[in-house]
Amino acid sequence: MKQRGRHRRRRRGRALRAFLSGTALALTAAATMISASQATGTADRPGDLKPLTASAETAKLRLTENRVPQASLDRLAAGMGRPVGVGAVLDGADRTLRDAIDCSASERRALPVSPAASRAYCWNTDDTEGWQPGAVTTSGDADDDGVWGSNRVILSGWSRSGGTAADRGLARVGFVNAGDLDHLTYTWALLAVPVDEGRDYRGLVSHVSGMVWYQDKLLVTADEGDRAALYVYDMNRVQRADVAGEAVGRVPGGWSANGYRFVLPAIGSYALGGDSDAPHPATVSLDRSTAPDSLVAGEWTLDDGDRDARLWRYPFSTAPGHEGLLATSAAGRVRASEAYETKVTGVRGVLSYGAEWYVTRAAGPRDEQGTLWRQDDGEDDGNKADTSEAAVCGAEETHSCWSPQTASLSYWEATGEVWTQSGRALFALPLASIDRTTG
């Protein structure tokens, strides 16, 4: 029976790969219908990144670390019960992602034209209606072997875009059991922030547009208007909610998490500096090619904006007792180790690996697809030639070949795959295919 099951999964896997190839061809055919006025021609390259070295510019990127007092976390755990880990959450994964072959035509339009997705799934309509998709991170970020304990995991961030006024903006994370890539199951956990010295918690109100799971910590972006740039969660401190209902926090009879069984209370945050021009990190990713590993950040910009977007990185700490957190000075300050500007407009996701930077551009008001640009840092070659590249597709040779809206990119180094999501589509493709189509 086990042998027969493996054969069925292999046949289904081959069918899905063939289906995805066909989907890419169909999307390419659709791209040929883009008018010349919509096409982004090969002459519209953004060029290499421009390094930012002036102290007046890099000082704007400084963060300050703030930790929730241990006594507050202990008080919350005493009230809610002993925290659990990722494995316990995955044991409760009772929902199933649909394979690409079961996605609707409109859902598949969120996939890139070129390079084509090698894996694709769709979230269920009934529990994502009224929610906005955001960032993706994986156990490939958490540990260099790609496994957390015995589990392969994908985390998917969402924020509430509909519902009651009290629910609007609430943030949650989908815990996806990725042990069997032919059958992904998931469950939800609410993101929260402790209040009243750990006697209660409130829901995090933020569009989770950036998220990185590094070692045992999860770093999540905060929305504009919040002085916190990032919130920090401990993946070993997942709490169980024991009261069903839409309330968030302490309620008569126990604890509620907007109907979810699990809640992640923040253990700290990183605050922006006082400069009014300080860029808000809207997208983040992990770069394991640096020493030490680093958090890559970028700000979102408008499609028709006239200001270059800033991209930068913070080193992770190597100090004992500071695992999974950013490197800080004795005063708790975090400094950027590198900073650049890009001329790509409509910036959404950013990824860095080696000397290459990958920047996604959202689909413009007249575009069906977005664009993924590969840019060099411009620091280590003597020539001034423009080395920026993007895939080309369609009869008009447009650069609008990428997914319409990907908030973040996550590189699973152990498998060589980049994971992201757009709309209800969660998908992956090899980094090598991105390099090949943008070469």
# chains A, B, ... in the order shown; residues from 1 in each chain; ligands from 1
$ closest_atom_pairs --of "range 288-383 of chain A" --to "range 108-127 of chain A" --cutoff "10 Å" --atoms "only C-alpha atoms" --output "tab-separated table"
residue	atom	partner	partner_atom	distance
A:Glu368	CA	A:Arg109	CA	8.7
A:Gln369	CA	A:Pro112	CA	7.4
A:Gly370	CA	A:Pro112	CA	8.2
A:Thr371	CA	A:Pro112	CA	9.0
A:Leu372	CA	A:Ser114	CA	9.5
$ write_last_selection --atoms "N, CA and C atoms" --output "short mmCIF file (atom, residue, chain, number, x, y, z; two decimals), in the first residue's frame"
data_model
loop_
_atom_site.label_atom_id
_atom_site.label_comp_id
_atom_site.auth_asym_id
_atom_site.auth_seq_id
_atom_site.Cartn_x
_atom_site.Cartn_y
_atom_site.Cartn_z
N GLU A 368 -0.75 43.62 -16.56
CA GLU A 368 -1.30 42.37 -16.07
C GLU A 368 -0.35 41.72 -15.07
N GLN A 369 0.95 41.91 -15.25
CA GLN A 369 1.97 41.24 -14.44
C GLN A 369 2.94 42.26 -13.84
N GLY A 370 3.69 41.81 -12.83
CA GLY A 370 4.75 42.62 -12.25
C GLY A 370 6.08 42.32 -12.93
N THR A 371 7.16 42.79 -12.33
CA THR A 371 8.50 42.58 -12.89
C THR A 371 9.44 42.17 -11.77
N LEU A 372 10.37 41.28 -12.06
CA LEU A 372 11.44 40.94 -11.13
C LEU A 372 12.77 41.34 -11.76
#
$ select_by_dssp --residues "range 98-306 of chain A" --states "helix (DSSP H, G or I)" --output "count of residues only"
14
$ residues_around --residues "Leu302 in chain A" --least-positions-apart "6" --cutoff "12 Å" --atoms "only C-alpha atoms" --output "ChimeraX atom specification"
/A:308-309,343-348,361-365
$ residues_around --residues "Glu323 in chain A" --least-positions-apart "5" --cutoff "12 Å" --atoms "only C-alpha atoms" --output "list in words"
Ala142, Trp213, Tyr214, Gln215, Asp216, Lys217, Leu218, Val232, Asp234, Asp293, Phe316, Ser317, Thr318 and Thr328 of chain A
$ write_last_selection --atoms "N, CA, C and O atoms" --output "PDB file, in the first residue's frame"
ATOM      1  N   ALA A 142      14.935  29.367   8.914  1.00  0.00           N
ATOM      2  CA  ALA A 142      15.175  29.131  10.336  1.00  0.00           C
ATOM      3  C   ALA A 142      16.471  28.378  10.586  1.00  0.00           C
ATOM      4  O   ALA A 142      17.226  28.703  11.504  1.00  0.00           O
ATOM      5  N   TRP A 213      11.853  34.102   9.574  1.00  0.00           N
ATOM      6  CA  TRP A 213      12.035  33.152  10.681  1.00  0.00           C
ATOM      7  C   TRP A 213      13.511  32.791  10.714  1.00  0.00           C
ATOM      8  O   TRP A 213      14.010  32.121   9.810  1.00  0.00           O
ATOM      9  N   TYR A 214      14.216  33.249  11.743  1.00  0.00           N
ATOM     10  CA  TYR A 214      15.652  32.985  11.851  1.00  0.00           C
ATOM     11  C   TYR A 214      15.942  32.380  13.213  1.00  0.00           C
ATOM     12  O   TYR A 214      15.647  32.982  14.237  1.00  0.00           O
ATOM     13  N   GLN A 215      16.541  31.172  13.207  1.00  0.00           N
ATOM     14  CA  GLN A 215      16.731  30.391  14.419  1.00  0.00           C
ATOM     15  C   GLN A 215      15.375  30.255  15.132  1.00  0.00           C
ATOM     16  O   GLN A 215      14.409  29.836  14.491  1.00  0.00           O
ATOM     17  N   ASP A 216      15.261  30.618  16.384  1.00  0.00           N
ATOM     18  CA  ASP A 216      13.971  30.426  17.054  1.00  0.00           C
ATOM     19  C   ASP A 216      13.136  31.704  17.105  1.00  0.00           C
ATOM     20  O   ASP A 216      12.150  31.767  17.840  1.00  0.00           O
ATOM     21  N   LYS A 217      13.501  32.719  16.329  1.00  0.00           N
ATOM     22  CA  LYS A 217      12.774  33.988  16.341  1.00  0.00           C
ATOM     23  C   LYS A 217      12.069  34.231  15.002  1.00  0.00           C
ATOM     24  O   LYS A 217      12.556  33.848  13.942  1.00  0.00           O
ATOM     25  N   LEU A 218      10.932  34.903  15.073  1.00  0.00           N
ATOM     26  CA  LEU A 218      10.184  35.334  13.889  1.00  0.00           C
ATOM     27  C   LEU A 218      10.110  36.848  13.922  1.00  0.00           C
ATOM     28  O   LEU A 218       9.557  37.432  14.862  1.00  0.00           O
ATOM     29  N   VAL A 232       9.066  41.032  17.242  1.00  0.00           N
ATOM     30  CA  VAL A 232       9.813  39.791  17.375  1.00  0.00           C
ATOM     31  C   VAL A 232       8.984  38.778  18.141  1.00  0.00           C
ATOM     32  O   VAL A 232       8.424  39.085  19.209  1.00  0.00           O
ATOM     33  N   ASP A 234       8.904  34.534  19.559  1.00  0.00           N
ATOM     34  CA  ASP A 234       9.688  33.356  19.904  1.00  0.00           C
ATOM     35  C   ASP A 234       8.900  32.133  19.468  1.00  0.00           C
ATOM     36  O   ASP A 234       7.790  31.895  19.956  1.00  0.00           O
ATOM     37  N   ASP A 293      25.077  35.991   8.991  1.00  0.00           N
ATOM     38  CA  ASP A 293      23.820  36.070   8.248  1.00  0.00           C
ATOM     39  C   ASP A 293      23.168  37.431   8.484  1.00  0.00           C
ATOM     40  O   ASP A 293      23.372  38.042   9.536  1.00  0.00           O
ATOM     41  N   PHE A 316      22.763  39.787  11.758  1.00  0.00           N
ATOM     42  CA  PHE A 316      22.221  39.081  12.913  1.00  0.00           C
ATOM     43  C   PHE A 316      23.300  38.913  13.974  1.00  0.00           C
ATOM     44  O   PHE A 316      24.499  38.869  13.681  1.00  0.00           O
ATOM     45  N   SER A 317      22.866  38.811  15.218  1.00  0.00           N
ATOM     46  CA  SER A 317      23.784  38.702  16.341  1.00  0.00           C
ATOM     47  C   SER A 317      24.409  37.311  16.410  1.00  0.00           C
ATOM     48  O   SER A 317      23.772  36.311  16.071  1.00  0.00           O
ATOM     49  N   THR A 318      25.661  37.269  16.840  1.00  0.00           N
ATOM     50  CA  THR A 318      26.337  36.003  17.124  1.00  0.00           C
ATOM     51  C   THR A 318      26.636  35.880  18.618  1.00  0.00           C
ATOM     52  O   THR A 318      27.319  34.953  19.040  1.00  0.00           O
ATOM     53  N   THR A 328      23.342  44.216  18.144  1.00  0.00           N
ATOM     54  CA  THR A 328      23.133  45.518  18.775  1.00  0.00           C
ATOM     55  C   THR A 328      24.407  45.994  19.447  1.00  0.00           C
ATOM     56  O   THR A 328      25.286  45.214  19.797  1.00  0.00           O
TER      57      THR A 328
END
$ residues_around --residues "Gly81 in chain A" --least-positions-apart "4" --cutoff "9 Å" --atoms "only C-alpha atoms" --output "ChimeraX atom specification"
/A:76-77,239-240
